Amino acid sequence: EELEMFHALSNNYFMHMKESLIGGMKSVLMKILGIFTITTKNTGNASIQPPKKHHFLLMEKLYDFAKDEDSDFVLFDLKGNIRNRYVSNPMPNSVLLDVNFLETTGGIPLTLTESSKKYLKTAIQFDTLMLQRAGIVDYSLLVCIRKKIILPKTIEDTKKEDGNQGKQDCYVLRIGIVDYLQLYNYKKIVESSVKRAAMLAGQLEPTVIEPSSYRNRFLRSMDQYFISYLPTDKYLSSPESHLEEVESGQVHNRLC
């Protein structure tokens with residue numbers, strides 16, 4: 001099914017990537033690196049069971065647990081909706097959802113540098129406009145928050161931080177739009193209609209809505225989930241503060 005979705009999206013996707021990579025437009029859309037088809041055969045009873053084709057879509061990776069074994073991760077899959085968006089009793093390294101995010105932050109938005117917030121907002125607007133025009137819904141913003149302990153570089157640094165032995169907590173925020181191969185087709189129209197009927201009976205907003213409404217809700221929620229602070233001279237001059245690393249396809253907001 002996702003292969004068919006990509007065929008429907010491919011023209012818009014490649015034009016979008018061209019505008020991002022060559023035209024310099026900001027994007028946090030996780031890139032598709034390749035699509036592969038593997039055919040398997042039952043050699044023992046090939047006459048009864050025909051060969052099967054398996055399609056695999058390879059995408060850019062946002063995080064690497066194996067590479068960062070000394071780091072603590074927390075992952076959130078955010079859609080801007082709270083209906084059925086909670087993981088109860090999560091396992092270690094589970095991907096958490098919107099309600100978990102609000103619970104973790106206490107309802108307080110995550111603070112980014114002013115330039116990172118501007119980059120993120122511009123990129124999300126650019127990416128979701130393409131997805132809306134292509135009739136795509138149900139995409140998410142995958143957020144990886146990594147906590148890493150930074151050891152002192154010199155003996156002098158260690159002496160300055162006797163209580164902590166020179167160690168620092170460093171938080172790196174990595175962000176990318178994923179799960180964008182969901183067309184708003186007849187099946188989703190029916191699902192949305194049924195859930196809207198339930199909403200009229202007093203339930204929450206449906207999870208599946210048409211592309212323009214989905215985009216508006218997504219933009220509004222992401223703008224509320226992340227805010228920018230106004231930097232001060234005192235903050236910028238602080239030796240403990242090293243902020244911001246921004247790359248195409250991902251936003252890294254580093255606070256050490």
# chains A, B, ... in the order shown; residues from 1 in each chain; ligands from 1

$ residues_around --residues "Val74 (chain A)" --least-positions-apart "4" --cutoff "10 Å" --atoms "only C-alpha atoms" --output "count of residues only"
12

$ residues_around --residues "Leu219 (chain A)" --least-positions-apart "2" --cutoff "9 Å" --atoms "only C-alpha atoms" --output "ChimeraX atom specification"
/A:80,121,124-125,128,214-217,221-224

$ residues_around --residues "Leu9 (chain A)" --least-positions-apart "5" --cutoff "10 Å" --atoms "only C-alpha atoms" --output "PDB file with C-alpha atoms, in the first residue's frame"
ATOM      1  CA  LEU A   3       4.388   1.751  -2.549  1.00  0.00           C
ATOM      2  CA  GLU A   4       1.156   2.795  -4.254  1.00  0.00           C
ATOM      3  CA  PHE A  14      10.742  15.018  -6.072  1.00  0.00           C
ATOM      4  CA  MET A 130       3.099  20.052  -0.297  1.00  0.00           C
ATOM      5  CA  LEU A 131       1.451  17.230   1.641  1.00  0.00           C
ATOM      6  CA  ARG A 133      -1.763  19.620  -2.105  1.00  0.00           C
ATOM      7  CA  ALA A 134      -0.971  15.935  -2.608  1.00  0.00           C
ATOM      8  CA  GLY A 135      -3.936  14.904  -0.453  1.00  0.00           C
ATOM      9  CA  ILE A 136      -1.790  13.491   2.366  1.00  0.00           C
ATOM     10  CA  TYR A 180       3.525  10.910   5.182  1.00  0.00           C
ATOM     11  CA  LEU A 181       2.424   8.132   2.844  1.00  0.00           C
ATOM     12  CA  GLN A 182      -1.252   8.209   3.819  1.00  0.00           C
ATOM     13  CA  LEU A 183      -3.642   9.477   1.135  1.00  0.00           C
TER      14      LEU A 183
END

$ atom_distance --atom1 "CA of Leu29 (chain A)" --atom2 "CA of Arg174 (chain A)"
12.1 Å

$ atom_distance --atom1 "CA of Ile32 (chain A)" --atom2 "CA of Glu210 (chain A)"
24.2 Å

$ closest_residue --among "A:Ile209, A:Met25, A:Leu78, A:Leu120" --to "Tyr184 (chain A)" --atoms "only C-alpha atoms"
A:Ile209

$ closest_residue --among "A:Asp72, A:Met17, A:Phe226, A:Val172" --to "Gly107 (chain A)" --atoms "only C-alpha atoms"
A:Phe226

$ residues_around --residues "Asp179 (chain A)" --least-positions-apart "6" --cutoff "10 Å" --atoms "only C-alpha atoms" --output "short mmCIF file (atom, residue, chain, number, x, y, z; two decimals) with N, CA and C atoms, in the first residue's frame"
data_model
loop_
_atom_site.label_atom_id
_atom_site.label_comp_id
_atom_site.auth_asym_id
_atom_site.auth_seq_id
_atom_site.Cartn_x
_atom_site.Cartn_y
_atom_site.Cartn_z
N GLU A 2 1.93 1.26 0.79
CA GLU A 2 2.79 2.44 0.84
C GLU A 2 3.49 2.67 -0.49
N LEU A 29 11.18 17.29 6.35
CA LEU A 29 10.60 16.05 5.84
C LEU A 29 11.69 14.98 5.78
N MET A 30 11.46 13.85 6.44
CA MET A 30 12.45 12.78 6.42
C MET A 30 12.54 12.20 5.01
N ASP A 77 5.95 10.91 19.00
CA ASP A 77 5.29 10.96 17.69
C ASP A 77 4.10 11.89 17.84
N ILE A 136 -2.39 14.35 1.34
CA ILE A 136 -1.79 13.49 2.37
C ILE A 136 -2.28 13.90 3.75
N VAL A 137 -2.58 12.92 4.58
CA VAL A 137 -2.98 13.15 5.97
C VAL A 137 -2.24 12.16 6.87
N ASP A 138 -2.45 12.32 8.16
CA ASP A 138 -1.98 11.37 9.17
C ASP A 138 -0.47 11.35 9.37
N TYR A 139 0.23 12.35 8.87
CA TYR A 139 1.67 12.43 9.09
C TYR A 139 1.94 12.90 10.52
N SER A 140 3.17 12.72 10.96
CA SER A 140 3.55 13.05 12.33
C SER A 140 4.86 13.82 12.35
N LEU A 141 5.08 14.51 13.45
CA LEU A 141 6.39 15.10 13.72
C LEU A 141 7.08 14.21 14.74
N LEU A 142 8.13 13.54 14.33
CA LEU A 142 8.89 12.68 15.23
C LEU A 142 9.94 13.53 15.94
#

$ closest_residue --among "A:Phe76, A:Ser27, A:His54, A:Ser213" --to "Thr40 (chain A)" --atoms "only C-alpha atoms"
A:His54

$ atom_distance --atom1 "CA of Tyr225 (chain A)" --atom2 "CA of Ile108 (chain A)"
7.7 Å

$ residues_around --residues "Glu19 (chain A)" --least-positions-apart "4" --cutoff "12 Å" --atoms "only C-alpha atoms" --output "PyMOL selection string"
chain A and resi 12-15+23-27+123+126-127+130+248

$ write_last_selection --atoms "all heavy atoms" --output "mmCIF file, in the first residue's frame"
data_model
loop_
_atom_site.group_PDB
_atom_site.id
_atom_site.type_symbol
_atom_site.label_atom_id
_atom_site.label_comp_id
_atom_site.auth_asym_id
_atom_site.auth_seq_id
_atom_site.Cartn_x
_atom_site.Cartn_y
_atom_site.Cartn_z
ATOM 1 N N ASN A 12 5.155 15.192 -6.771
ATOM 2 C CA ASN A 12 5.197 16.271 -5.780
ATOM 3 C C ASN A 12 6.415 16.150 -4.881
ATOM 4 O O ASN A 12 7.043 17.153 -4.526
ATOM 5 C CB ASN A 12 3.927 16.245 -4.931
ATOM 6 C CG ASN A 12 2.690 16.646 -5.708
ATOM 7 O OD1 ASN A 12 2.723 17.590 -6.483
ATOM 8 N ND2 ASN A 12 1.606 15.925 -5.517
ATOM 9 N N TYR A 13 6.746 14.910 -4.514
ATOM 10 C CA TYR A 13 7.866 14.686 -3.586
ATOM 11 C C TYR A 13 9.198 15.124 -4.212
ATOM 12 O O TYR A 13 9.977 15.845 -3.579
ATOM 13 C CB TYR A 13 7.924 13.207 -3.195
ATOM 14 C CG TYR A 13 9.152 12.854 -2.376
ATOM 15 C CD1 TYR A 13 9.203 13.136 -1.010
ATOM 16 C CD2 TYR A 13 10.268 12.268 -2.977
ATOM 17 C CE1 TYR A 13 10.332 12.833 -0.262
ATOM 18 C CE2 TYR A 13 11.395 11.959 -2.236
ATOM 19 C CZ TYR A 13 11.426 12.246 -0.879
ATOM 20 O OH TYR A 13 12.558 11.955 -0.152
ATOM 21 N N PHE A 14 9.458 14.689 -5.447
ATOM 22 C CA PHE A 14 10.742 15.018 -6.072
ATOM 23 C C PHE A 14 10.861 16.519 -6.365
ATOM 24 O O PHE A 14 11.952 17.092 -6.241
ATOM 25 C CB PHE A 14 10.931 14.198 -7.347
ATOM 26 C CG PHE A 14 11.213 12.745 -7.090
ATOM 27 C CD1 PHE A 14 10.388 11.758 -7.591
ATOM 28 C CD2 PHE A 14 12.303 12.363 -6.324
ATOM 29 C CE1 PHE A 14 10.643 10.417 -7.341
ATOM 30 C CE2 PHE A 14 12.575 11.024 -6.065
ATOM 31 C CZ PHE A 14 11.743 10.052 -6.578
ATOM 32 N N MET A 15 9.764 17.143 -6.738
ATOM 33 C CA MET A 15 9.800 18.597 -6.924
ATOM 34 C C MET A 15 10.071 19.301 -5.596
ATOM 35 O O MET A 15 10.816 20.280 -5.532
ATOM 36 C CB MET A 15 8.472 19.070 -7.517
ATOM 37 C CG MET A 15 8.423 20.564 -7.825
ATOM 38 S SD MET A 15 9.673 21.070 -9.046
ATOM 39 C CE MET A 15 9.026 20.225 -10.516
ATOM 40 N N GLY A 23 17.019 24.598 -4.219
ATOM 41 C CA GLY A 23 16.483 25.949 -4.067
ATOM 42 C C GLY A 23 16.687 26.551 -2.692
ATOM 43 O O GLY A 23 16.432 27.733 -2.486
ATOM 44 N N GLY A 24 17.125 25.737 -1.732
ATOM 45 C CA GLY A 24 17.420 26.263 -0.406
ATOM 46 C C GLY A 24 16.218 26.436 0.506
ATOM 47 O O GLY A 24 16.325 27.064 1.563
ATOM 48 N N MET A 25 15.070 25.859 0.135
ATOM 49 C CA MET A 25 13.895 25.943 1.000
ATOM 50 C C MET A 25 14.095 25.051 2.230
ATOM 51 O O MET A 25 14.626 23.944 2.132
ATOM 52 C CB MET A 25 12.647 25.514 0.238
ATOM 53 C CG MET A 25 12.312 26.405 -0.955
ATOM 54 S SD MET A 25 11.893 28.091 -0.461
ATOM 55 C CE MET A 25 10.322 27.822 0.370
ATOM 56 N N LYS A 26 13.653 25.539 3.375
ATOM 57 C CA LYS A 26 13.822 24.792 4.618
ATOM 58 C C LYS A 26 12.826 23.641 4.677
ATOM 59 O O LYS A 26 11.658 23.793 4.333
ATOM 60 C CB LYS A 26 13.647 25.717 5.814
ATOM 61 C CG LYS A 26 14.721 26.810 5.914
ATOM 62 C CD LYS A 26 14.443 27.743 7.059
ATOM 63 C CE LYS A 26 15.568 28.760 7.210
ATOM 64 N NZ LYS A 26 15.739 29.594 6.004
ATOM 65 N N SER A 27 13.299 22.473 5.135
ATOM 66 C CA SER A 27 12.452 21.286 5.191
ATOM 67 C C SER A 27 12.884 20.396 6.345
ATOM 68 O O SER A 27 14.075 20.292 6.653
ATOM 69 C CB SER A 27 12.550 20.506 3.868
ATOM 70 O OG SER A 27 11.867 19.278 3.962
ATOM 71 N N ALA A 123 9.864 25.498 7.944
ATOM 72 C CA ALA A 123 9.994 24.182 7.316
ATOM 73 C C ALA A 123 8.685 23.402 7.375
ATOM 74 O O ALA A 123 8.277 22.778 6.389
ATOM 75 C CB ALA A 123 11.111 23.394 7.993
ATOM 76 N N PHE A 126 6.233 24.780 4.871
ATOM 77 C CA PHE A 126 6.628 24.403 3.512
ATOM 78 C C PHE A 126 6.319 22.935 3.238
ATOM 79 O O PHE A 126 5.738 22.591 2.200
ATOM 80 C CB PHE A 126 8.130 24.674 3.342
ATOM 81 C CG PHE A 126 8.706 24.213 2.037
ATOM 82 C CD1 PHE A 126 8.263 24.726 0.828
ATOM 83 C CD2 PHE A 126 9.733 23.260 2.019
ATOM 84 C CE1 PHE A 126 8.811 24.294 -0.374
ATOM 85 C CE2 PHE A 126 10.276 22.836 0.823
ATOM 86 C CZ PHE A 126 9.816 23.355 -0.376
ATOM 87 N N ASP A 127 6.675 22.063 4.154
ATOM 88 C CA ASP A 127 6.464 20.627 3.969
ATOM 89 C C ASP A 127 4.982 20.260 3.950
ATOM 90 O O ASP A 127 4.528 19.490 3.094
ATOM 91 C CB ASP A 127 7.175 19.838 5.077
ATOM 92 C CG ASP A 127 8.685 19.910 4.977
ATOM 93 O OD1 ASP A 127 9.204 20.074 3.858
ATOM 94 O OD2 ASP A 127 9.342 19.796 6.028
ATOM 95 N N MET A 130 2.955 21.073 0.741
ATOM 96 C CA MET A 130 3.099 20.052 -0.297
ATOM 97 C C MET A 130 2.244 18.841 0.004
ATOM 98 O O MET A 130 1.565 18.294 -0.887
ATOM 99 C CB MET A 130 4.570 19.642 -0.429
ATOM 100 C CG MET A 130 4.864 18.622 -1.533
ATOM 101 S SD MET A 130 4.648 16.872 -1.050
ATOM 102 C CE MET A 130 6.027 16.662 0.085
ATOM 103 N N SER A 248 19.372 20.799 7.131
ATOM 104 C CA SER A 248 18.235 20.497 6.271
ATOM 105 C C SER A 248 17.726 19.102 6.548
ATOM 106 O O SER A 248 18.484 18.146 6.591
ATOM 107 C CB SER A 248 18.664 20.608 4.801
ATOM 108 O OG SER A 248 17.598 20.266 3.951
#
